[in-house]
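Asker: Sharing a structure with you now.
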Amino acid sequence: MRLLTALTCSKVLQPASLVIVFETLLSSSATTVDEEKGNPSWQACADFYITCILSCLPWGGAELIEVSDTGLSFFEDDGTGKDLAEKDFLEDLWEWIQVLSSNGWKLDRVPRPHLSFEAQLVAGKSHELRPISCPALPDPPAALSEITYGEQRYIAGLKYPQRLCRLNIFPASKTEDLQPIDCFVVEEYLLDVLFFLNGCFTHLITVLERNGQMIAKICPDHDKQAMLISEVSSFWKNNAQMTAIAIDRMMGYRLISNLAIVRWVFSPTNIEQFHTSDCPWEILRNAVSKTFNRISDLRKEISSLKKSLVSAERATAQAKAELEAAESKLTLVDGEPVLGENPVRLKHLKSHAEKTEEEEVSMLDSLDAKEALLARALTENEELFLSLYRNFSNVLAERLPDASKVGTLQDLKSINSDSMAVDLEESSTMVVDNDNGGPKKSQSNGERVNNVYNIGEQEQWCLSTLGYVKAFSRPYASEIWPLIEKLDSEVLTDGVHPLFRRAVYSGLHRPTSETSSD
């Protein structure tokens, strides 16, 4: 329905024909809920048709109202004065549409690309929609009872599912500048994206290309991008691979930043799963790797451009020298000396000299552009690693035992370990089969098996997270070392936990004066 509305706004379809479709749906809805002519147990069908109509109006209400507003008077305020918590989604949506109508259908968050081509579209041919008919509903049962009514209502709900409330994707603190209808538009776009992303990889690319501009406008900062990542992750909570692919592609289209990914990875929900789930770490690895590879590629391109620029400068100098030599040469024309070579050759030399100079200037511009991109990438890289280590430091500081109790990983492993003793009765002997099938006796009675670790979940979390600190430091040490002074002053301060410091140092192969039995 929204596609038909967009086609109407683009003058591909005649507005009057879409209004007729709306009126057909409205008429069917009114008949359905009529107790004498319809079947009120199929209220879900009527609500579905009305939702279809109302959901289209933010995208085409201004154009359709010029043709007819017949259907919009179908809804009237019933005066019940329900609280927000008591209202269902359809009632909320109708209120938002009324507000939008009173504001002249102005909605900045709905793109209108057709306005740029309005002159051409108006000159084109508009088409009419064929009349539609709504499917017939079952007749109400002859003997209406609570059971028969409930059964038909249940069947209708399965066939015509409906949203009961807003998605509430963004917390209230993040939507203070958004009207309810704006939130609805955001949620509709997000539902579209998630629906198409549920298909194959080609669908993923297509939907990101088509809706990338809108997604970028809806989620312009790190906070909103982190919430978008959270919603994508929730949608594919049972498919970690698809979650990683979708987020990676969204980062590739620069719809989400690496800093937003760091913010999402270190959100409370993910933090609790650091030692049990690899999905957040995989997504973070992809983000860091993509940033690192981009810097490496830019450096290679800049190196190649510099070599090509040297060759271009030589070619330009040679072409100018040949041109100057040709222009200074004396040639006899009709027995008279004339300055300059043959005009045809001279023209060719001038053209060649101009072309080589243009290529040199173009290459120099490309080099400047690449160097600017590299400078920007290095700045992003610095912000990324500082944010990453700062978050690592903060979450570990909250969970690691006091530094006075644990100075090494060995101390951390054994902080909660109790010696496990196996006391056997003197009169009994534990017998086990050896590899040859014969019985052999176990340890003698009364002996104890000591030095067995009993690592608690929090200690396991700390060990796992410290391992990831090393894992993220080691492969990117060449990019982290230039930032080491800032890292020392902002993150690796005197108050940082020694185990975190050692994990970073170990990953960077940085010498430390502290001894460790890690």
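Lettering and numbering for the structure tokens are positional, with chains as A, B, ... in the shown order, residues counted from 1 in each chain, and ligands counted from 1 in the shown order.
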Give me, as a VMD selection string, all polymer residues having an atom no more than 12 Å from A:Pro111, counting only C-alpha atoms and skipping those fewer than 6 positions away in the same chain.
Answerer: chain A and resid 6 9 58 to 60 185 to 186 189 210 to 215 217 to 218
Asker: Could you pull the residues within 12 Å of A:Thr24, counting only C-alpha atoms, minus those fewer than 4 positions along the same chain, as a list in words?
Answerer: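 Near A:Thr24, the qualifying residues are Ser17, Leu18, Val19, Ile20, Ser28, Ser29, Ala30, Thr31, Ala46, Tyr49, Ile50, Ile53, Thr70, Gly71, Arg130, Pro131, Ile132, Ser133, Cys134 and Pro135 of chain A.
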Asker: Residues within 10 Å of A:Asn391, please, as a ChimeraX atom specification. Count only C-alpha atoms; anything in the same chain fewer than 5 positions from it doesn't count.
Answerer: /A:262-263,265-267,385-386,396-397,491
Asker: For stretch 508-512 of chain A, find every residue with an atom within 12 Å (counting only C-alpha atoms), except residues of its own chain fewer than 3 positions away, and show them as an NGL selection string.
Answerer: :A and (469-484 or 498 or 501-505 or 515-516)
Asker: Among stretch 221-446 of chain A, which ones does DSSP assign to helix (DSSP H, G or I) (computed from the backbone)? Answer as a PyMOL selection string.
Answerer: chain A and resi 222-235+240-252+258-265+268-271+279-327+343-399+409-414
Asker: Leaving out stretch 311-314 of chain A and any residue of its chain fewer than 6 positions from it, which residues lie within 10 Å of it when counting only C-alpha atoms, given as a ChimeraX atom specification?
Answerer: /A:305,320,356-361,363-364
Asker: Here is a test: counting only C-alpha atoms, which residue of A:Cys45, A:Leu388, A:Ala62, A:Leu409 is nearest to A:Arg112?
Answerer: A:Ala62
Asker: What does the distance from atom CA of A:Ser393 to atom CA of A:Cys462 come to in Å, to one decimal?
Answerer: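 Spanning atom CA of A:Ser393 to atom CA of A:Cys462 is a straight-line distance of 11.4 Å.
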Asker: Would you compute the distance between atom CA of A:Lys125 and atom CA of A:Val12? Give it in Å to one decimal.
Answerer: 6.9 Å
